[in-house]
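Below is one structure, written out as structure tokens; the observations come after it.
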Amino acid sequence: MKPRVALIVLTMNNLRDTLVALDSLAAVTYPNYETILVDNGSTDGSIAAIRARFPALTVIENGKNLGFAAGNNVGLKYAREHAADYMMLLNNDIKAAPDLLDRMVEVAEQYPQIGMLGPAIHDFEDRPNNVGWLFKPRWGYSIRVRAEEGHGRDIVDVHTISGCALMIRRAVYDKIGGLDERLFFLVEDVEWGLRCREAGYRVVTATRAKLWHLNCSTVGKKSSGRLYYEYRNSLIVMRRHGGILNWFTFLPYFILRKYLAERRRIKRDPALTEDSRNLRLRALRQALRDFRSGHTGPGPDWLSYSI
């Protein structure tokens with residue numbers, strides 16, 4: 001029998017995109033998989049609509065927004081307890097190719113040293129986006145591995161896989177644990193991939209597996225909430241995985257090219273209202289304060305995910 005795969009789709013509201021994702025997963029040709037929908041406190045009635053359309057779907061309702069890490073960990077724990085050999089995290093704004101799992105499981109079974117893997121990501125206009133990410137500890141950020149770098153290769157070794165479509169082997173999950181819930185939202189996939197590699201496993205992209213990702217359909221790309229978690233969590237991940245010597249290059253880069261440059265962009269952006277400008281600047285300041293104080297988990301209640 002083929003290895004059992006659990007597909008874990010994390011959702012919160014956003015019914016239209018979630019239905020597109022679930023329709024594509026229902027058409028997957030792999031013979032031994034289960035889709036698990038984990039709801040992080042939807043308030044728009046979407047879960048009732050999803051249950052009506054997919055009555056056999058496993059749905060776990062968390063009752064509130066636990067964040068990306070803790071929400072997915074609920075699904076990972078359920079999948080582990082129900083004998084999944086592989087668990088795959090999926091955003092709710094994706095479309096999967098029908099042979100997605102056939103190709104990914106084939107690669108994972110061929111190379112047992114692989115701990116995590118992902119597919120080649122395309123946008124919804126079918127333009128190639130990336131085949132994984134490489135973490136640069138000197139600068140504290142990850143760079144995208146472009147699709148052309150994987151041309152002619154079945155697998156590409158990377159440092160991290162985007163959390164929008166990330167598969168982990170159960171034995172590796174048992175060894176390294178799940179996503180770090182202290183990060184709550186953003187950069188937790190980077191931290192997980194680095195932890196996997198530090199445990200001695202490969203992290204790869206199966207380039208012949210294909211998935212389309214809408215990207216940031218629920219959370220604004222430059223909202224105050226996104227800025228807060230991006231900056232705070234990047235500092236936390238750098239402290240854990242960057243190495244002491246790399247801080248000599250990272251810190252000047254972060255202050256001058258990231259933090260101060262972001263502040264200038266916000267102040268000069270004519271499209272922003274005064275309220276949204278002040279909220280984003282406040283989020284940046286709070287991110288640094290909370291990193292210094294050691295505050296993790298959910299950020300302050302005043303953060304917005306639309307402005």
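Going by the structure tokens order, chains are called A, B, ..., each with residues numbered from 1, while ligands are numbered from 1 in the order shown.
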
Surrounding residues of Ala209 of chain A excluding itself and chain neighbours under 2 positions, 9 Å, only C-alpha atoms, as a ChimeraX atom specification: /A:97,99-104,118-121,205-207,211

Please produce a file of those selected residues containing C-alpha atoms, as a short mmCIF file (atom, residue, chain, number, x, y, z; two decimals), in the first residue's frame.
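Writing the result to part.cif gives the following:
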```cif
data_model
loop_
_atom_site.label_atom_id
_atom_site.label_comp_id
_atom_site.auth_asym_id
_atom_site.auth_seq_id
_atom_site.Cartn_x
_atom_site.Cartn_y
_atom_site.Cartn_z
CA ALA A 97 -2.06 19.74 -9.61
CA ASP A 99 -0.48 14.47 -9.58
CA LEU A 100 0.97 16.64 -6.78
CA LEU A 101 1.15 13.86 -4.19
CA ASP A 102 2.21 11.17 -6.66
CA ARG A 103 5.31 13.16 -7.50
CA MET A 104 6.10 14.29 -3.96
CA GLY A 118 7.73 21.10 -1.17
CA PRO A 119 6.52 21.50 -4.76
CA ALA A 120 7.39 24.06 -7.39
CA ILE A 121 5.20 27.10 -6.68
CA THR A 205 11.86 20.87 -3.60
CA ALA A 206 10.36 18.19 -5.84
CA THR A 207 10.42 20.28 -9.00
CA LEU A 211 1.08 23.91 -6.98
#
```

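Every protein or nucleic acid residue with an atom no more than 10 Å from Leu89 of chain A, counting only C-alpha atoms and leaving out same-chain residues fewer than 5 positions away, appears here: Ala6, Leu7, Ile8, Val9, Leu10, Ile36, Asn72, Asn73, Gly75, Leu76, Gly118, Ser162, Gly163, Cys164, Ala165, Leu166, Met167 and Ile168 of chain A.
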
Residue list (strand (DSSP E or B), DSSP) for segment 197-277 of chain A, as a list of chain:residue names: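 Selecting the strand (DSSP E or B) positions of segment 197-277 of chain A gives A:Arg202, A:Val203, A:Val204, A:Thr205, A:Ala206, A:Thr207, A:Arg208, A:Ala209, A:Lys210, A:Leu211, A:Trp212, A:His213.
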
Restrict the selected residues to N, CA and C atoms and save them as a PDB file, in the first residue's frame.
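The result, written out as selection14.pdb:
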```pdb
ATOM      1  N   ARG A 202      17.656  16.410   4.948  1.00  0.00           N
ATOM      2  CA  ARG A 202      17.626  17.277   3.775  1.00  0.00           C
ATOM      3  C   ARG A 202      16.266  17.959   3.668  1.00  0.00           C
ATOM      4  N   VAL A 203      16.284  19.171   3.170  1.00  0.00           N
ATOM      5  CA  VAL A 203      15.069  19.908   2.817  1.00  0.00           C
ATOM      6  C   VAL A 203      15.139  20.169   1.320  1.00  0.00           C
ATOM      7  N   VAL A 204      14.145  19.719   0.570  1.00  0.00           N
ATOM      8  CA  VAL A 204      14.249  19.778  -0.889  1.00  0.00           C
ATOM      9  C   VAL A 204      12.930  20.224  -1.503  1.00  0.00           C
ATOM     10  N   THR A 205      13.031  20.637  -2.763  1.00  0.00           N
ATOM     11  CA  THR A 205      11.858  20.867  -3.599  1.00  0.00           C
ATOM     12  C   THR A 205      11.784  19.782  -4.648  1.00  0.00           C
ATOM     13  N   ALA A 206      10.617  19.151  -4.768  1.00  0.00           N
ATOM     14  CA  ALA A 206      10.357  18.192  -5.837  1.00  0.00           C
ATOM     15  C   ALA A 206       9.854  18.993  -7.031  1.00  0.00           C
ATOM     16  N   THR A 207      10.726  19.283  -7.967  1.00  0.00           N
ATOM     17  CA  THR A 207      10.422  20.279  -8.995  1.00  0.00           C
ATOM     18  C   THR A 207       9.338  19.842  -9.971  1.00  0.00           C
ATOM     19  N   ARG A 208       9.090  18.545 -10.080  1.00  0.00           N
ATOM     20  CA  ARG A 208       8.045  18.088 -11.001  1.00  0.00           C
ATOM     21  C   ARG A 208       6.659  18.096 -10.355  1.00  0.00           C
ATOM     22  N   ALA A 209       6.611  18.340  -9.056  1.00  0.00           N
ATOM     23  CA  ALA A 209       5.330  18.529  -8.369  1.00  0.00           C
ATOM     24  C   ALA A 209       4.946  20.002  -8.475  1.00  0.00           C
ATOM     25  N   LYS A 210       3.687  20.283  -8.739  1.00  0.00           N
ATOM     26  CA  LYS A 210       3.279  21.647  -9.063  1.00  0.00           C
ATOM     27  C   LYS A 210       2.090  22.075  -8.220  1.00  0.00           C
ATOM     28  N   LEU A 211       2.168  23.322  -7.757  1.00  0.00           N
ATOM     29  CA  LEU A 211       1.085  23.906  -6.979  1.00  0.00           C
ATOM     30  C   LEU A 211       1.003  25.395  -7.285  1.00  0.00           C
ATOM     31  N   TRP A 212      -0.207  25.907  -7.329  1.00  0.00           N
ATOM     32  CA  TRP A 212      -0.432  27.335  -7.564  1.00  0.00           C
ATOM     33  C   TRP A 212      -0.828  28.000  -6.252  1.00  0.00           C
ATOM     34  N   HIS A 213      -0.264  29.186  -5.997  1.00  0.00           N
ATOM     35  CA  HIS A 213      -0.496  29.896  -4.724  1.00  0.00           C
ATOM     36  C   HIS A 213      -0.895  31.330  -5.024  1.00  0.00           C
TER      37      HIS A 213
END
```

Distance in Å - atom CA of Ile161 of chain A versus atom CA of Ser293 of chain A: 29.2 Å

All alpha helix (DSSP H) positions in segment 75-131 of chain A, as a list in words: Gly75, Leu76, Lys77, Tyr78, Ala79, Arg80, Glu81, Leu100, Leu101, Asp102, Arg103, Met104, Val105, Glu106, Val107, Ala108, Glu109 and Gln110 of chain A

Of the listed residues A:Phe248, A:Val158, A:Arg80, A:Asp123, that which approaches Asp174 of chain A most closely, counting only C-alpha atoms: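 Between A:Phe248, A:Val158, A:Arg80, A:Asp123, the residue approaching Asp174 of chain A most closely is A:Arg80.
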
Two-atom distance - atom CA of Trp302 of chain A, atom CA of Leu279 of chain A (Å):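 Taking atom CA of Trp302 of chain A as the start and atom CA of Leu279 of chain A as the end point, the length is 8.6 Å.
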
Best match for closeness to Asp44 of chain A among A:Thr11, A:Thr160, A:Asn62, A:Thr29, counting only C-alpha atoms: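 Under the stated criterion, the closest residue is A:Thr11.
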